[in-house]
Amino acid sequence: MTAISPSNGIRARARRMLRRLGATAAAAALMIGAVAPSASADETPPPSEPKGEVTLHLSAGVDGAIPGAGPLVATASVSNGTESALSEGRMTFELNRTPLTTSDALDGWLDRGVTGGTFEEVSSQTSSVVERDKTSLIGAAVSAPDFAPLAPGIYPVRARLSSATTGPKDDQTSWDLTASAVVVVRSGVAPAVSAIVPITATPKAGGLLTAEELTALTAPEGALTAVLTGVSGTTAILAIDPSVPAAIRALGSSAPVTATAWLDALESLPNDRFALQFGDADAATQAHAKLPSLLAPTSLTALLNPADFAQATPTPTPTANDAAPALPDNAALTALRGASSGILWPRADVTADDLTAFAAYLGDDVVTILPDTAVGGERGGVASTGSRRVLVTSSSASDRLSAAAEEADATARDREIGAAAAHLLLNAATAGSAPLLVGLNRSETRDGGSLHAALASLGAAGPRLSTLTAAAPVRVDVTAKADSARAPMLHDLLVGEQRLTQFGTILKDPLVLLAPERIQILRLIGVGLAPDDVTTAVAAHQKATRKTLSSVGVQEPSPVQLLTAAAPLPVWIRNELPWPVTVELSSQPSDPRLDVQPITEVQAGRASNTRVTIPVEARLASGELEVEFRLTSPTGVPIGDPAIAPVTVRADWENIGLGILGGIIVLLLAFGIIRTVRRRRRGAQDQEEGASDDETPHDERSAAKEIDE
């Protein structure tokens, strides 16, 4: 390869960079070096971690590149996170003229500090003092007369900080740090690159985003606002999770103003777009599980509040004939204006059989987006495997741009952008004139400015989505292997959903339970869910499912004493759900001589315990037995575990009590009769004695009285 002269645009940009360096001792640059230990100029620096809290980063070139005839512009940033100032030191910039020719060699240098060749010093200067919690930029510009031209290629660059110290004189810490970067020398114009940016947002509860979450996401510093800022003014292709607009529209008039404004701004963008599966669910996992069709959310209307969709100007006097407000269906809630159809962007573990399944799901014209690691290596952006069309992204460049989009520090961002430019240069060498494609990783922590800078670094607008899907493809073979753990996981989740479907028959509207459940399953098989988080998330979901299935049941009964032959038996029904339920309580005694009402319908209030009384009639005089209680839904689905109440019947006590009471009554009656008879006899006797006294003379009575005495 031979060096070429810079274009006028490149010369002008370089001159601007030089002027900036002279005024601020910093340069606009696009590479950041990972901190590594100091090494001599002719040996490869080994990998390392930053020492303490002083870090060194490096960037070089403009958009990661320089013209072959120079100048070489580089910037190092020193960040001091220690408790004291970082003293002056020596900053040296070095260049290795041995180019990096493969992606592995490129990543080996950037990530591990491993490379061949010899480094030569191109600039050296005294670094400035860096106060605690501050960052200092140190720039270097080597003009063309002092810098031998480089042939087109990718070259290692490093910066070395030495002799800088922190801490008091009697307890100083010395800092000798090394940062790595690369600089790209192009042989012509940059390749045309299209970028796909996924737009997703995950709620904490796993269902739809709440009003509070949307308020935070669409605030000036929110994650969704950052995405909108980053893609505005670019030609990025937008891949949108339809659950985001669905969450906004589902709130109707209660949706936050910032959220509705965000959705309006998103739909007003001229960018090409397509819809991801709801919740960014992975189509490959569903194909591995042999599902006959892609999963979709159940009806979302059960999650809507009709009051949020009432007419803006209601009638002054509502009448019984006023119709309920019309609620939007799933299609209206998830609609994406101008979105292309028939595109899937699954995980990378897609097999040839999966592509056949995708055609069954969406038709033979389906287009699948895959990374080049799934098709045997770096390729152009448009390819086919058999009769199936695929769009191939550069995985290495995509990873670097994704890291850049999340990096708020400008120097760290620029290093990743430069690394992406280097990977795309290598990719272009194998793709020829074919367009290139990058697909940013799923992320909800992007910085708006960094995302915009990453997309802008790709240069001129790449092919539109319609052009990519219609272009002549390159023949490739799918080499990826399916993840064997995800299909069984999905089957387990669907089994749990089926159990909830049966359980939901106790609800007036089962969709209030089942609609969020389906959304959570879609998110659990989401492309963006980190593999390390899948096991934990699925285990937590299954635990929540078991808790829901046990949330309605019969409270453990206490022993019951029945002292009469017929009495009500008290039972408590527990309902921990936030909705009222209708269940049937069946009662079965262990002894047929006890009659219990077999079925009792129960209306149990939400989040409460409901008391139910079961009529009981004992045919046996006394005894001990058990009554088993079971709950079922109105359709006969068992609900919760059965409960057993020990019952002691003492029905003969009632007869004994009645006998005693009857005896007491008889005694009282007899006593009353005897007393009455005696009283009457005494009264009659008194009357007879009174009559005799009237007929006897007074003297005789007196004499008789004396005799008696």
# chains A, B, ... in the order shown; residues from 1 in each chain; ligands from 1
$ residues_around --residues "Val375 in chain A" --least-positions-apart "4" --cutoff "6 Å" --atoms "only C-alpha atoms" --output "list in words"
Asp477, Val478 and Thr479 of chain A
$ write_last_selection --atoms "C-alpha atoms" --output "PDB file, in the first residue's frame"
ATOM      1  CA  ASP A 477     -23.713 -20.304   5.670  1.00  0.00           C
ATOM      2  CA  VAL A 478     -25.173 -20.125   9.163  1.00  0.00           C
ATOM      3  CA  THR A 479     -22.601 -21.465  11.608  1.00  0.00           C
TER       4      THR A 479
END
$ residues_around --residues "Ser587 in chain A" --least-positions-apart "5" --cutoff "7 Å" --atoms "only C-alpha atoms" --output "PDB file with C-alpha atoms, in the first residue's frame"
ATOM      1  CA  VAL A 596     -72.650 -30.922  55.583  1.00  0.00           C
ATOM      2  CA  GLN A 597     -73.748 -28.611  52.788  1.00  0.00           C
ATOM      3  CA  PRO A 598     -71.555 -29.983  49.947  1.00  0.00           C
ATOM      4  CA  ILE A 599     -71.072 -26.858  47.786  1.00  0.00           C
ATOM      5  CA  VAL A 627     -64.388 -32.226  57.489  1.00  0.00           C
ATOM      6  CA  GLU A 628     -62.271 -31.615  54.392  1.00  0.00           C
ATOM      7  CA  PHE A 629     -62.657 -28.300  52.597  1.00  0.00           C
ATOM      8  CA  ARG A 630     -61.594 -27.760  48.987  1.00  0.00           C
TER       9      ARG A 630
END
$ residues_around --residues "Val231 in chain A" --least-positions-apart "2" --cutoff "10 Å" --atoms "only C-alpha atoms" --output "PyMOL selection string"
chain A and resi 197+226-229+233-238+266+269+271+448-449+451-456
$ write_last_selection --atoms "N, CA, C and O atoms" --output "short mmCIF file (atom, residue, chain, number, x, y, z; two decimals), in the first residue's frame"
data_model
loop_
_atom_site.label_atom_id
_atom_site.label_comp_id
_atom_site.auth_asym_id
_atom_site.auth_seq_id
_atom_site.Cartn_x
_atom_site.Cartn_y
_atom_site.Cartn_z
N VAL A 197 -30.27 1.09 15.47
CA VAL A 197 -30.30 1.47 16.89
C VAL A 197 -31.56 0.90 17.52
O VAL A 197 -32.67 1.30 17.16
N ALA A 226 -32.51 10.52 25.83
CA ALA A 226 -31.14 10.41 25.34
C ALA A 226 -31.11 9.71 23.98
O ALA A 226 -30.36 10.12 23.08
N VAL A 227 -31.92 8.68 23.82
CA VAL A 227 -31.97 7.98 22.53
C VAL A 227 -32.47 8.91 21.44
O VAL A 227 -31.92 8.96 20.32
N LEU A 228 -33.53 9.66 21.73
CA LEU A 228 -34.09 10.57 20.74
C LEU A 228 -33.06 11.63 20.36
O LEU A 228 -32.92 11.99 19.18
N THR A 229 -32.33 12.14 21.35
CA THR A 229 -31.28 13.11 21.08
C THR A 229 -30.19 12.51 20.21
O THR A 229 -29.68 13.14 19.28
N GLY A 233 -31.22 13.77 13.54
CA GLY A 233 -30.23 14.31 12.61
C GLY A 233 -29.31 13.28 12.02
O GLY A 233 -28.38 13.63 11.28
N THR A 234 -29.53 12.00 12.30
CA THR A 234 -28.74 10.93 11.70
C THR A 234 -29.63 10.09 10.79
O THR A 234 -30.85 10.25 10.77
N THR A 235 -29.01 9.18 10.08
CA THR A 235 -29.78 8.28 9.21
C THR A 235 -29.90 6.88 9.82
O THR A 235 -30.14 5.91 9.11
N ALA A 236 -29.74 6.80 11.12
CA ALA A 236 -29.82 5.50 11.79
C ALA A 236 -31.17 4.84 11.55
O ALA A 236 -32.21 5.51 11.48
N ILE A 237 -31.15 3.52 11.41
CA ILE A 237 -32.37 2.74 11.30
C ILE A 237 -32.83 2.39 12.71
O ILE A 237 -32.05 1.89 13.51
N LEU A 238 -34.08 2.68 13.03
CA LEU A 238 -34.58 2.51 14.38
C LEU A 238 -35.32 1.18 14.51
O LEU A 238 -36.20 0.87 13.71
N LEU A 266 -40.72 11.01 18.19
CA LEU A 266 -40.20 9.79 17.59
C LEU A 266 -40.87 9.50 16.26
O LEU A 266 -40.20 9.18 15.26
N LEU A 269 -39.69 11.65 13.26
CA LEU A 269 -38.36 11.49 12.69
C LEU A 269 -38.45 10.87 11.30
O LEU A 269 -39.27 9.98 11.06
N ASN A 271 -36.30 8.88 10.01
CA ASN A 271 -35.50 7.66 9.97
C ASN A 271 -36.33 6.44 9.60
O ASN A 271 -37.50 6.34 9.96
N GLY A 448 -26.92 10.62 25.37
CA GLY A 448 -27.43 11.19 24.12
C GLY A 448 -26.34 11.77 23.24
O GLY A 448 -26.28 11.51 22.03
N GLY A 449 -25.45 12.56 23.84
CA GLY A 449 -24.38 13.17 23.05
C GLY A 449 -23.42 12.14 22.51
O GLY A 449 -22.97 12.24 21.36
N LEU A 451 -24.08 8.95 21.88
CA LEU A 451 -24.76 8.19 20.82
C LEU A 451 -24.73 8.97 19.51
O LEU A 451 -24.45 8.41 18.44
N HIS A 452 -25.02 10.26 19.59
CA HIS A 452 -25.01 11.07 18.37
C HIS A 452 -23.61 11.11 17.76
O HIS A 452 -23.45 10.99 16.54
N ALA A 453 -22.58 11.26 18.60
CA ALA A 453 -21.22 11.30 18.08
C ALA A 453 -20.83 9.97 17.44
O ALA A 453 -20.16 9.94 16.40
N ALA A 454 -21.26 8.87 18.05
CA ALA A 454 -20.94 7.55 17.50
C ALA A 454 -21.59 7.37 16.13
O ALA A 454 -20.95 6.87 15.19
N LEU A 455 -22.84 7.76 16.00
CA LEU A 455 -23.52 7.61 14.71
C LEU A 455 -22.96 8.58 13.67
O LEU A 455 -22.80 8.21 12.50
N ALA A 456 -22.63 9.80 14.10
CA ALA A 456 -22.08 10.79 13.16
C ALA A 456 -20.71 10.37 12.65
O ALA A 456 -20.31 10.74 11.54
#
$ closest_residue --among "A:Gly553, A:Pro473, A:Gly342, A:Pro328" --to "Gly380 in chain A" --atoms "only C-alpha atoms"
A:Pro473
$ select_by_dssp --residues "range 529-607 of chain A" --states "strand (DSSP E)" --output "PyMOL selection string"
chain A and resi 552-554+560-562+566-575+581-589+594-596+599-604
$ atom_distance --atom1 "CA of Leu295 in chain A" --atom2 "CA of Ile521 in chain A"
9.2 Å
$ closest_residue --among "A:Ala148, A:Thr218, A:His541, A:Arg446" --to "Leu72 in chain A" --atoms "only C-alpha atoms"
A:Ala148
$ residues_around --residues "Pro592 in chain A" --least-positions-apart "5" --cutoff "12 Å" --atoms "only C-alpha atoms" --output "count of residues only"
10
$ atom_distance --atom1 "CA of Val392 in chain A" --atom2 "CA of Asp447 in chain A"
25.7 Å
$ residues_around --residues "Val257 in chain A" --least-positions-apart "2" --cutoff "12 Å" --atoms "only C-alpha atoms" --output "JSON, numbers by chain"
{"A": [211, 212, 214, 215, 216, 218, 219, 248, 249, 251, 252, 253, 254, 255, 259, 260, 261, 262, 263, 264]}
$ residues_around --residues "Pro510 in chain A" --least-positions-apart "6" --cutoff "9 Å" --atoms "only C-alpha atoms" --output "PDB file with N, CA and C atoms, in the first residue's frame"
ATOM      1  N   ALA A 302     -57.631  -5.095  29.192  1.00  0.00           N
ATOM      2  CA  ALA A 302     -57.887  -5.289  30.622  1.00  0.00           C
ATOM      3  C   ALA A 302     -56.993  -4.407  31.483  1.00  0.00           C
ATOM      4  N   THR A 501     -53.588 -19.565  33.730  1.00  0.00           N
ATOM      5  CA  THR A 501     -54.802 -19.441  32.923  1.00  0.00           C
ATOM      6  C   THR A 501     -55.960 -20.191  33.588  1.00  0.00           C
ATOM      7  N   PHE A 503     -56.077 -21.015  36.807  1.00  0.00           N
ATOM      8  CA  PHE A 503     -56.310 -20.333  38.076  1.00  0.00           C
ATOM      9  C   PHE A 503     -57.125 -19.059  37.867  1.00  0.00           C
ATOM     10  N   GLY A 504     -56.906 -18.390  36.745  1.00  0.00           N
ATOM     11  CA  GLY A 504     -57.570 -17.115  36.479  1.00  0.00           C
ATOM     12  C   GLY A 504     -59.065 -17.216  36.289  1.00  0.00           C
TER      13      GLY A 504
END
$ residues_around --residues "range 89-94 of chain A" --least-positions-apart "6" --cutoff "7 Å" --atoms "only C-alpha atoms" --output "list in words"
Phe119, Glu120, Glu121, Val122, Ser123, Ser124, Gln125, Thr126, Ser127, Val157, Arg158, Ala159, Arg160, Leu161, Ser162, Ser163 and Ala164 of chain A
$ atom_distance --atom1 "CA of Thr445 in chain A" --atom2 "CA of Val367 in chain A"
28.0 Å
$ closest_residue --among "A:Leu440, A:Ala205, A:Ala480, A:Ala357" --to "Thr373 in chain A" --atoms "only C-alpha atoms"
A:Ala480
$ closest_residue --among "A:Glu406, A:Glu576, A:Glu131, A:Glu556" --to "Ala645 in chain A" --atoms "only C-alpha atoms"
A:Glu556
$ closest_residue --among "A:Thr368, A:Thr135, A:Ser590, A:Ser551" --to "Ile573 in chain A" --atoms "only C-alpha atoms"
A:Ser551
$ closest_residue --among "A:Ser87, A:Asn575, A:Thr301, A:Thr548" --to "Ser174 in chain A" --atoms "only C-alpha atoms"
A:Ser87
$ select_by_dssp --residues "range 84-309 of chain A" --states "helix (DSSP H, G or I)" --output "count of residues only"
71
